[in-house]
>>> print(open('data-v2.cif').read())   # mmCIF, C-alpha atoms
data_input
loop_
_atom_site.label_atom_id
_atom_site.label_comp_id
_atom_site.auth_asym_id
_atom_site.auth_seq_id
_atom_site.Cartn_x
_atom_site.Cartn_y
_atom_site.Cartn_z
CA MET Q 90 0.00 0.00 0.00
CA GLY Q 91 2.97 2.36 0.27
CA THR Q 92 3.70 5.03 2.86
CA LYS Q 93 1.30 7.78 1.72
CA GLU Q 94 -0.54 9.36 4.66
CA ILE Q 95 -4.11 10.52 4.16
CA LYS Q 96 -6.13 12.50 6.72
CA LYS Q 97 -9.35 13.30 4.85
CA CYS Q 98 -10.39 11.39 1.75
CA SER Q 99 -13.13 12.06 -0.80
CA ILE Q 100 -14.14 9.04 -2.87
CA VAL Q 101 -16.31 9.45 -5.96
CA ALA Q 102 -18.11 6.32 -7.10
CA GLY Q 103 -19.72 5.67 -10.44
CA ALA Q 104 -23.45 5.54 -9.71
CA PRO Q 105 -25.44 6.90 -12.68
CA ASN Q 106 -26.25 10.26 -11.14
CA ASP Q 107 -25.72 13.70 -12.60
CA CYS Q 108 -23.56 14.93 -9.71
CA ALA Q 109 -20.98 17.19 -11.34
CA ALA Q 110 -22.59 20.40 -10.07
CA PHE Q 111 -22.94 18.95 -6.56
CA LEU Q 112 -19.29 17.85 -6.56
CA LYS Q 113 -18.14 21.24 -7.80
CA GLU Q 114 -19.93 22.95 -4.89
CA HIS Q 115 -19.41 20.49 -2.05
CA LEU Q 116 -16.32 18.34 -2.56
CA ASP Q 117 -13.31 19.42 -0.48
CA ARG Q 118 -10.55 19.94 -3.04
CA GLY Q 119 -7.99 19.93 -0.25
CA SER Q 120 -8.86 16.33 0.61
CA TYR Q 121 -7.22 13.32 -1.03
CA ILE Q 122 -9.52 12.53 -3.95
CA ILE Q 123 -10.00 8.98 -5.22
CA ALA Q 124 -12.18 8.02 -8.17
CA ALA Q 125 -13.70 4.54 -8.21
CA ASP Q 126 -13.65 3.45 -11.86
CA SER Q 127 -16.03 5.71 -13.84
CA GLY Q 128 -16.22 8.08 -10.88
CA TYR Q 129 -13.46 10.06 -12.61
CA LEU Q 130 -16.00 11.18 -15.26
CA PRO Q 131 -18.20 13.37 -12.99
CA LEU Q 132 -15.00 14.66 -11.37
CA LEU Q 133 -13.67 15.82 -14.72
CA ALA Q 134 -17.07 17.31 -15.53
CA ALA Q 135 -16.73 19.28 -12.28
CA GLU Q 136 -13.21 20.35 -13.34
CA ILE Q 137 -11.62 18.33 -10.52
CA LEU Q 138 -8.63 16.07 -11.13
CA PRO Q 139 -8.47 13.02 -8.83
CA ASP Q 140 -5.26 12.17 -7.01
CA LEU Q 141 -5.87 8.47 -7.64
CA ILE Q 142 -8.12 6.21 -9.70
CA ILE Q 143 -8.80 2.67 -8.48
CA ALA Q 144 -10.60 0.60 -11.09
CA ASP Q 145 -11.04 -2.54 -13.10
CA PHE Q 146 -12.37 -0.32 -15.94
CA ASP Q 147 -15.37 -2.50 -16.65
CA SER Q 148 -17.64 0.56 -16.70
CA SER Q 149 -15.30 3.10 -18.31
CA GLU Q 150 -12.20 3.36 -20.45
CA LYS Q 151 -8.84 3.77 -18.77
CA PRO Q 152 -8.11 7.50 -19.03
CA ASP Q 153 -4.87 9.24 -19.91
CA LEU Q 154 -4.68 11.54 -16.89
CA PRO Q 155 -1.76 12.92 -14.84
CA CYS Q 156 -2.70 10.99 -11.69
CA GLU Q 157 -1.89 7.65 -10.12
CA ILE Q 158 -3.98 4.70 -11.37
CA ILE Q 159 -4.30 1.33 -9.63
CA THR Q 160 -5.86 -1.34 -11.84
CA PHE Q 161 -7.57 -4.50 -10.60
CA PRO Q 162 -8.88 -7.42 -12.67
CA SER Q 163 -12.65 -7.36 -13.21
CA GLU Q 164 -12.98 -10.74 -11.47
CA LYS Q 165 -12.05 -9.81 -7.90
CA ASP Q 166 -13.29 -10.03 -4.33
CA TYR Q 167 -14.36 -6.41 -3.77
CA THR Q 168 -15.99 -3.55 -5.67
CA ASP Q 169 -13.88 -0.64 -6.85
CA THR Q 170 -15.53 1.63 -4.29
CA PHE Q 171 -14.74 -0.72 -1.40
CA ASN Q 172 -11.15 -1.04 -2.64
CA CYS Q 173 -10.97 2.77 -2.52
CA VAL Q 174 -12.23 2.71 1.07
CA ARG Q 175 -9.75 0.00 2.04
CA TYR Q 176 -6.92 2.02 0.45
CA ALA Q 177 -7.89 5.18 2.36
CA VAL Q 178 -8.23 3.35 5.69
CA ALA Q 179 -4.88 1.59 5.18
CA HIS Q 180 -3.24 4.97 4.57
CA GLY Q 181 -4.48 6.50 7.80
CA ALA Q 182 -7.61 8.39 6.75
CA LYS Q 183 -9.68 9.60 9.70
CA GLU Q 184 -12.56 10.93 7.59
CA ILE Q 185 -13.92 9.45 4.36
CA LEU Q 186 -16.73 11.03 2.35
CA ILE Q 187 -18.12 8.83 -0.42
CA TYR Q 188 -19.98 10.63 -3.22
CA ASN Q 189 -22.23 9.26 -5.95
CA ALA Q 190 -22.52 5.83 -4.31
CA LEU Q 191 -26.32 5.32 -4.28
CA GLY Q 192 -27.68 4.46 -7.71
CA ASN Q 193 -29.91 2.09 -9.64
CA ARG Q 194 -28.19 -1.12 -8.49
CA PHE Q 195 -29.47 -1.94 -5.00
CA ASP Q 196 -26.76 -4.55 -4.45
CA HIS Q 197 -24.02 -2.00 -5.12
CA SER Q 198 -25.83 0.67 -3.10
CA PHE Q 199 -26.20 -1.65 -0.10
CA GLY Q 200 -22.58 -2.73 -0.42
CA ASN Q 201 -21.62 0.94 -0.25
CA VAL Q 202 -23.78 1.40 2.87
CA LEU Q 203 -21.75 -1.40 4.47
CA CYS Q 204 -18.65 0.72 3.86
CA LEU Q 205 -19.95 2.88 6.71
CA SER Q 206 -19.74 -0.09 9.06
CA TYR Q 207 -16.26 -1.05 7.82
CA CYS Q 208 -15.02 2.47 8.48
CA ARG Q 209 -16.62 2.62 11.93
CA ALA Q 210 -14.91 -0.65 12.86
CA HIS Q 211 -11.57 0.97 11.94
CA GLY Q 212 -12.24 4.20 13.84
CA VAL Q 213 -12.89 6.25 10.70
CA PHE Q 214 -15.78 8.71 10.30
CA CYS Q 215 -17.58 8.03 7.02
CA GLN Q 216 -20.60 9.34 5.14
CA LEU Q 217 -22.30 8.56 1.83
CA ILE Q 218 -23.28 11.83 0.17
CA ASP Q 219 -25.10 13.05 -2.92
CA SER Q 220 -27.60 15.79 -3.72
CA HIS Q 221 -30.52 13.60 -2.57
CA ASN Q 222 -29.10 11.70 0.40
CA ARG Q 223 -26.54 11.70 3.20
CA LEU Q 224 -26.06 8.54 5.27
CA THR Q 225 -24.23 8.39 8.61
CA LEU Q 226 -23.85 5.75 11.32
CA VAL Q 227 -24.43 6.97 14.89
CA ASP Q 228 -23.26 4.94 17.89
CA GLY Q 229 -23.16 7.73 20.46
CA GLU Q 230 -24.32 11.30 19.93
CA TYR Q 231 -24.34 13.17 16.63
CA THR Q 232 -25.47 16.71 15.74
CA PHE Q 233 -26.29 17.68 12.17
CA TYR Q 234 -27.66 20.72 10.38
CA LYS Q 235 -30.64 21.29 8.12
CA ASN Q 236 -28.92 20.60 4.81
CA TYR Q 237 -31.62 18.13 3.69
CA ARG Q 238 -35.40 18.36 3.99
CA PHE Q 239 -36.08 15.11 5.85
CA PHE Q 240 -34.24 12.66 8.06
CA SER Q 241 -34.90 9.15 9.32
CA VAL Q 242 -33.15 6.91 11.83
CA PHE Q 243 -33.11 3.13 11.66
CA PRO Q 244 -31.52 0.50 13.88
CA PHE Q 245 -28.52 -0.71 11.88
CA LEU Q 246 -28.32 -4.51 11.90
CA GLU Q 247 -29.05 -4.68 15.65
CA PRO Q 248 -31.61 -3.47 18.22
CA CYS Q 249 -31.07 0.01 19.65
CA ARG Q 250 -31.85 1.22 23.16
CA GLY Q 251 -32.11 4.70 24.62
CA VAL Q 252 -32.63 6.64 21.38
CA ARG Q 253 -33.15 10.39 21.84
CA ILE Q 254 -33.86 13.00 19.18
CA THR Q 255 -33.85 16.74 19.95
CA GLY Q 256 -34.58 19.68 17.65
CA ALA Q 257 -37.04 17.76 15.48
CA LYS Q 258 -40.76 17.60 14.81
CA TYR Q 259 -41.00 14.09 16.26
CA THR Q 260 -39.06 13.21 19.41
CA ALA Q 261 -39.43 10.54 22.07
CA GLY Q 262 -41.79 12.97 23.79
CA TRP Q 263 -44.21 12.52 20.89
CA TYR Q 264 -44.64 8.97 22.19
CA GLY Q 265 -44.84 10.21 25.80
CA VAL Q 266 -41.49 8.75 26.85
CA ASP Q 267 -37.97 10.06 27.52
CA ALA Q 268 -36.20 7.73 25.10
CA LEU Q 269 -37.08 5.10 22.50
CA ASP Q 270 -36.05 1.47 22.13
CA PHE Q 271 -36.00 0.12 18.58
CA PRO Q 272 -36.13 -3.56 17.63
CA ARG Q 273 -33.85 -4.51 14.76
CA ASP Q 274 -36.52 -4.10 12.07
CA ASP Q 275 -38.17 -0.92 13.42
CA GLN Q 276 -39.30 1.82 10.99
CA SER Q 277 -41.13 4.17 13.36
CA ALA Q 278 -38.55 6.98 13.08
CA LEU Q 279 -38.88 7.39 9.32
CA CYS Q 280 -39.46 10.80 7.68
CA ASN Q 281 -38.81 13.32 10.46
CA GLU Q 282 -38.01 17.02 10.06
CA ILE Q 283 -35.64 19.42 11.83
CA THR Q 284 -37.57 22.26 13.47
CA GLY Q 285 -34.66 24.70 13.85
CA ASP Q 286 -31.24 24.81 12.21
CA ARG Q 287 -29.82 21.65 13.82
CA CYS Q 288 -30.80 18.33 15.34
CA THR Q 289 -29.10 15.91 17.74
CA VAL Q 290 -29.55 12.14 17.67
CA SER Q 291 -28.12 9.89 20.37
CA VAL Q 292 -28.28 6.21 21.26
CA GLU Q 293 -27.20 4.48 24.48
CA GLN Q 294 -26.80 0.99 23.03
CA GLY Q 295 -26.56 -0.13 19.42
CA THR Q 296 -25.95 1.67 16.13
CA LEU Q 297 -28.34 3.91 14.21
CA LEU Q 298 -28.35 4.58 10.49
CA LEU Q 299 -29.15 8.28 10.02
CA ALA Q 300 -30.56 8.96 6.56
CA GLU Q 301 -30.99 12.58 5.50
CA ALA Q 302 -32.94 13.05 2.29
CA ASN Q 303 -34.43 15.42 -0.24
CA ASP Q 304 -37.26 14.55 -2.64
#
>>> encode(input="data-v2.cif", output="structure tokens")
Amino acid sequence: MGTKEIKKCSIVAGAPNDCAAFLKEHLDRGSYIIAADSGYLPLLAAEILPDLIIADFDSSEKPDLPCEIITFPSEKDYTDTFNCVRYAVAHGAKEILIYNALGNRFDHSFGNVLCLSYCRAHGVFCQLIDSHNRLTLVDGEYTFYKNYRFFSVFPFLEPCRGVRITGAKYTAGWYGVDALDFPRDDQSALCNEITGDRCTVSVEQGTLLLAEAND
């Protein structure tokens, strides 16, 4: 993997979304930028050159660009996006933002959601981001701002106890209790709204998937 040290990494995947304008406005150009296969195309459309491309080039042609390129065979264990995540984690990244990772293929989208869990297990903060969604795992307390219209929280692969939500239309108080316990398949905290400029979600036991969304 080499000796390169990365602090913050932005990974751009190849989901079929028109995200060039979003990338141009939101992607941190000071971060280490990795394109997963065809993810280099929306980056170039946003006039951003990646530092690295990791790909098997089964969904795009290998470009002639002045950046490092790591090529994998198309028959391999992991997706290009997950190989990008593994590369960033192995090189010391403490924050990984994955763009353009939720598309028409549910299997790929869910695999990318699992990248959040992989990063959490390695002590790395990670989010999946595009113009319609932002996904974050919460296993303590997390405060976020009103950048998306709606938000939902789900228990992530395990039951959750002691869930509190403040600064939102629906809180535990809406149910007449101080905190909520969610079984593993609970959907009762879907489609909430922030009432001010920020909201805080916390959980005493378990892991929540926080999904912010626009229509």
>>> closest_residue(input="data-v2.cif", among="Q:Leu279, Q:Cys288, Q:Leu269, Q:Ile187", to="Q:Gly128", atoms="only C-alpha atoms")
Q:Ile187
>>> atom_distance(input="data-v2.cif", atom1="atom CA of Q:Glu136", atom2="atom CA of Q:Glu114")
11.1 Å
>>> residues_around(input="data-v2.cif", residues="Q:Ala134", least_positions_apart="3", cutoff="9 Å", atoms="only C-alpha atoms", output="VMD selection string")
chain Q and resid 109 to 110 113 129 to 131 137
>>> resolve_selection(input="data-v2.cif", expression="the PyMOL selection byres ((chain Q and resi 258-267) around 7)", output="list in words")
Arg253, Ile254, Thr255, Ala257, Ala268, Leu269, Asn281, Glu282, Ile283 and Thr284 of chain Q
>>> write_last_selection(input="data-v2.cif", atoms="C-alpha atoms", output="short mmCIF file (atom, residue, chain, number, x, y, z; two decimals), keeping the file's coordinate frame")
data_model
loop_
_atom_site.label_atom_id
_atom_site.label_comp_id
_atom_site.auth_asym_id
_atom_site.auth_seq_id
_atom_site.Cartn_x
_atom_site.Cartn_y
_atom_site.Cartn_z
CA ARG Q 253 -33.15 10.39 21.84
CA ILE Q 254 -33.86 13.00 19.18
CA THR Q 255 -33.85 16.74 19.95
CA ALA Q 257 -37.04 17.76 15.48
CA ALA Q 268 -36.20 7.73 25.10
CA LEU Q 269 -37.08 5.10 22.50
CA ASN Q 281 -38.81 13.32 10.46
CA GLU Q 282 -38.01 17.02 10.06
CA ILE Q 283 -35.64 19.42 11.83
CA THR Q 284 -37.57 22.26 13.47
#
>>> closest_residue(input="data-v2.cif", among="Q:Ala179, Q:Thr232, Q:Phe240, Q:Arg223", to="Q:His211", atoms="all atoms listed in the file")
Q:Ala179
